[in-house]
Structure formats: structure tokens, C-alpha cells
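Chemist: Starting off with a structure, shown below.
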Number of protein chains: 2
Amino acid sequence: MNKIEHIGIAVKDLKTSNVLFEKLFGEAHYKIESVESEGVKTSFFKVGNNKIELLEATNNKSPIAKFIERKGEGIHHIAFDVDDIKSEIIRLEKEGFIVLNKEPKKGADNKLVVFLHPKSTKGVLVELCQDIKD
Amino acid sequence: MNKIEHIGIAVKDLKTSNVLFEKLFGEAHYKIESVESEGVKTSFFKVGNNKIELLEATNNKSPIAKFIERKGEGIHHIAFDVDDIKSEIIRLEKEGFIVLNKEPKKGADNKLVVFLHPKSTKGVLVELCQDIKD
């Protein structure tokens, strides 16, 4: 794993949260992107070589809506950058981690992504992501 | 803010968690450190230019013990690296963030640290940290 690619934070309202996090970082978000398959609208901030992704649910069935219902707003997941997501999936399954989608799927920010079940990672929702090369 | 310095993860048992996260990252922790004033024992992993800090409570009154009691194991805080923690405290207070300790305190890993109340940051416990220069 190369670095923390981003931290995902579940928020109720993207607009007001963008203002707040701009104050925190002293710099505005650099893009807004919707991932319809996940029922989320996201915004991205750069902090050095890392990113912060704010996530707002776009419907009641979105994982983000369910997360906020159970736990309130807050840190939702950590994403790690990897070079070869498919070989990482094989390696981590062998190590006993529960991979939520065996086939990497298209996530925000032009990435292939996979999630590990928090049950296998001490309550931490871990995402692996690999850049999609054009 | 220069980068994500580390992510803090609250765990019940440091020993078994060290084994698990070593499997996740494919690399062992590089140090163990206790911060008695906070009632925690920590271990650190490197992931590229970022770190993961596992935190185990050393007594019942530790913030980590209380966190696990309320929420279970999982992500506890995000720490951002800053050059000048005192000027950041002044800036963030002006912006309306609630600073938990106005005087930076000595944290793990040779840092001066300050925390922002999650109430003012959408449920996210934010730590700022600055290297202590010898």
C-alpha cells in the first residue's frame, strides 16, 4: 500500500460541510462528483499528497444515509492507494480479511475500488483504490 | 496543513491488533509508545508518507476506553501535520472551531498536539500535530 489516498467523511449536507472544511483546511474543495451506483454525492479536498472526501447521501438507501442514521456524521472509511488491486484482493483474502466486492468497481475520482468488511478490520471500513489508467 | 500525519484507531487489544494490521499492510509496526497522561499505549505503522496509530486504553478512564464503550473499536481521529501549531490554534478559533486544549500538549511520537471538538467538525475528532525539534 502506497499511502493514505483519502479519508471519507459522512456528512448530512455537502454545501454547509464544504464551507466548514474549507475553513478547516484554509483551501476550498477542488471537485464535486456523484457516484449514482453508491447513492452519494462527494466533494474532494487536497491536504498535501492526501485527500479528504466528504460524502452526502442522495437517497435513503445509500450506505451513507444508513451510516449517519446509526452513528451520526463522522469518519466513514480510510482508503489506501495500491498499484495492483486484484493481487491485493487475493493477498488479503488469503490473510483472512473479508472482501466486500471481489470484482473491483468504479468509484469516485477515476479509481477502481474494493472494500474490506469492518468486521475483519477492527471496526474500520477499509477501501483500496487503484488509479484507472486511460 | 501539510498532510494527513496519521489516523488513530481505537482497539481493545494492541497485541492481536498489531498482528492483524501487519497482515493488512504487509509490514510490521515500527514502534510502541505509551502516553501515560492520556492513558494509552500506541503502536505505529508506516504507509508511505503517512502513519496509522493503534490506541489501546491502559485504564478505564482513558478517552480510548470511553470511546470503545460508546462506539466500539474503529477510527478514533485524524491528525494533520502543521508547521506552526500555535498560529493554527489562533486561526481555527477565529473560524469558530472549538479547540480542546489551548496550550499544545506533548503527544506520542515526539509531537506537540491539539484537538478540535468533533461538535465543531461534523463528528470528526481532528488532531493537529507539529514535530518537536530538539
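Following the order of the C-alpha cells, chains are lettered A, B, ..., residues in each are numbered from 1, and ligands are numbered from 1.
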Set out as a tab-separated table a contact list for chain B and chain A with a cut-off of 9 Å, giving each residue of chain B that qualifies its closest atom pair and distance in Å to one decimal, counting only C-alpha atoms, ordered by chain and rising residue number.

Modeler:
```
residue	atom	partner	partner_atom	distance
B:Met1	CA	A:Val47	CA	6.5
B:Asn2	CA	A:Gly48	CA	5.0
B:Lys3	CA	A:Gly48	CA	4.5
B:Ile4	CA	A:Asn50	CA	6.4
B:His6	CA	A:Ile4	CA	9.0
B:Ile7	CA	A:Ile78	CA	8.6
B:Ile9	CA	A:Val124	CA	7.9
B:Ala10	CA	A:Lys122	CA	8.4
B:Val11	CA	A:Lys122	CA	6.8
B:Lys12	CA	A:Lys122	CA	8.8
B:Ser17	CA	A:Lys122	CA	7.7
B:Leu20	CA	A:Thr121	CA	7.5
B:Phe21	CA	A:Thr121	CA	7.8
B:Lys23	CA	A:Glu95	CA	6.5
B:Leu24	CA	A:Leu92	CA	6.8
B:Phe25	CA	A:Met1	CA	6.5
B:Gly26	CA	A:Met1	CA	8.2
B:Lys46	CA	A:Lys3	CA	8.6
B:Val47	CA	A:Lys3	CA	5.0
B:Gly48	CA	A:Lys3	CA	4.5
B:Asn49	CA	A:Lys3	CA	6.3
B:Asn50	CA	A:Lys3	CA	6.1
B:Lys51	CA	A:Ile4	CA	8.4
B:Lys71	CA	A:Lys71	CA	8.2
B:Gly72	CA	A:Gly123	CA	7.3
B:Glu73	CA	A:Gly123	CA	5.3
B:Gly74	CA	A:Gly123	CA	4.4
B:Ile75	CA	A:Val124	CA	6.0
B:His76	CA	A:Ile75	CA	8.4
B:His77	CA	A:Ile75	CA	8.2
B:Ile78	CA	A:Ile7	CA	8.6
B:Phe80	CA	A:Val47	CA	8.5
B:Leu92	CA	A:Leu24	CA	6.8
B:Glu95	CA	A:Lys23	CA	6.5
B:Gly96	CA	A:Lys23	CA	9.0
B:Phe97	CA	A:Leu24	CA	8.2
B:Pro118	CA	A:Gly74	CA	8.3
B:Ser120	CA	A:Leu20	CA	8.8
B:Thr121	CA	A:Leu20	CA	7.5
B:Lys122	CA	A:Glu73	CA	5.7
B:Gly123	CA	A:Gly74	CA	4.4
B:Val124	CA	A:Gly74	CA	5.0
B:Leu125	CA	A:Gly74	CA	8.4
```

Chemist: Restricted to C-alpha atoms, what would the selected residues look like written as a compact mmCIF listing (two decimals), in the first residue's frame?

Modeler:
```txt
# COMPACT_ATOMS: atom_id res chain seq x y z
CA MET B 1 -1.86 21.75 6.86
CA ASN B 2 0.83 19.71 5.15
CA LYS B 3 -0.63 16.21 5.02
CA ILE B 4 -2.50 13.54 6.97
CA HIS B 6 -1.74 9.73 10.94
CA ILE B 7 -5.09 8.08 11.54
CA ILE B 9 -7.66 3.66 15.50
CA ALA B 10 -9.06 2.60 18.89
CA VAL B 11 -8.52 -1.12 19.59
CA LYS B 12 -9.24 -3.33 22.58
CA SER B 17 -4.35 -5.81 16.53
CA LEU B 20 -3.88 -8.06 12.15
CA PHE B 21 -2.67 -4.71 10.83
CA LYS B 23 -1.24 -8.62 7.70
CA LEU B 24 -3.22 -5.72 6.23
CA PHE B 25 -0.22 -3.53 5.41
CA GLY B 26 2.25 -6.34 4.73
CA LYS B 46 4.04 3.43 8.18
CA VAL B 47 2.00 3.54 4.99
CA GLY B 48 4.11 5.53 2.54
CA ASN B 49 4.45 9.04 3.93
CA ASN B 50 1.52 8.55 6.35
CA LYS B 51 1.11 6.63 9.59
CA LYS B 71 -18.86 3.18 19.72
CA GLY B 72 -16.80 0.00 19.66
CA GLU B 73 -13.41 -0.39 18.03
CA GLY B 74 -12.73 1.77 14.98
CA ILE B 75 -11.35 5.03 13.64
CA HIS B 76 -10.86 7.47 16.50
CA HIS B 77 -9.24 10.57 14.98
CA ILE B 78 -7.44 12.14 12.02
CA PHE B 80 -2.88 16.68 10.32
CA LEU B 92 -9.08 27.96 13.80
CA GLU B 95 -13.02 30.46 12.28
CA GLY B 96 -15.32 29.10 15.03
CA PHE B 97 -13.74 25.71 15.74
CA PRO B 118 -15.96 16.87 16.99
CA SER B 120 -17.39 21.74 15.56
CA THR B 121 -16.08 19.41 12.82
CA LYS B 122 -19.06 17.26 11.75
CA GLY B 123 -18.35 14.49 14.23
CA VAL B 124 -14.68 14.18 13.30
CA LEU B 125 -12.10 14.32 16.10
```

Chemist: Pick out each residue of range 16-123 of chain A that DSSP on the backbone tags as strand (DSSP E or B); I need them as number ranges by chain.

Modeler: A: 31-35, 40-47, 50-57, 74-81, 99, 105-107, 111-116

Chemist: Could you check how far CA of Lys106 in chain A sits from CA of Pro63 in chain A, in Å to one decimal?

Modeler: 16.0 Å

Chemist: Quick one: residues within 8 Å of range 83-86 of chain B, only C-alpha atoms counted, chain neighbours fewer than 3 positions away excluded, as a list in words?

Modeler: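 Counting only C-alpha atoms, the residues come to Met1, Asn2, Ile89, Ile90, Pro104, Leu112, Val113, Val114, Leu128, Cys129, Gln130 and Asp131 of chain B.
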
Chemist: Output N, CA and C atoms of each residue in that selection to a file, as a compact mmCIF listing (two decimals), in the first residue's frame.

Modeler:
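again.txt, freshly written:
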```
# COMPACT_ATOMS: atom_id res chain seq x y z
N MET B 1 -2.04 23.15 6.48
CA MET B 1 -1.86 21.75 6.86
C MET B 1 -1.13 21.00 5.75
N ASN B 2 -0.09 20.27 6.14
CA ASN B 2 0.83 19.71 5.15
C ASN B 2 0.39 18.37 4.58
N ILE B 89 -3.92 27.28 15.94
CA ILE B 89 -4.93 27.36 17.00
C ILE B 89 -5.65 28.71 16.93
N ILE B 90 -4.88 29.76 16.78
CA ILE B 90 -5.48 31.11 16.71
C ILE B 90 -6.38 31.24 15.48
N PRO B 104 -0.80 23.70 23.37
CA PRO B 104 -0.44 22.41 22.79
C PRO B 104 0.19 21.50 23.85
N LEU B 112 3.98 18.01 19.38
CA LEU B 112 3.05 18.88 20.12
C LEU B 112 1.70 18.69 19.46
N VAL B 113 0.64 18.49 20.28
CA VAL B 113 -0.66 18.19 19.67
C VAL B 113 -1.77 19.03 20.28
N VAL B 114 -2.81 19.21 19.49
CA VAL B 114 -4.01 19.89 19.95
C VAL B 114 -5.19 19.20 19.27
N LEU B 128 -4.24 18.28 15.46
CA LEU B 128 -3.15 18.93 14.72
C LEU B 128 -1.87 18.56 15.43
N CYS B 129 -0.81 18.31 14.69
CA CYS B 129 0.45 18.00 15.36
C CYS B 129 1.63 18.62 14.65
N GLN B 130 2.56 19.00 15.47
CA GLN B 130 3.78 19.67 15.00
C GLN B 130 4.97 18.94 15.60
N ASP B 131 5.96 18.63 14.79
CA ASP B 131 7.18 17.98 15.28
C ASP B 131 7.85 18.84 16.35
```

Chemist: Between A:Glu93, A:Asp134, A:Glu53, A:Glu103, which has the minimum distance to Gly8 in chain A (counting only C-alpha atoms)?

Modeler: A:Glu53

Chemist: Which of range 2-110 of chain A end up as alpha helix (DSSP H) when DSSP is run on this backbone - answer as a ChimeraX atom specification?

Modeler: /A:14-25,63-71,85-94
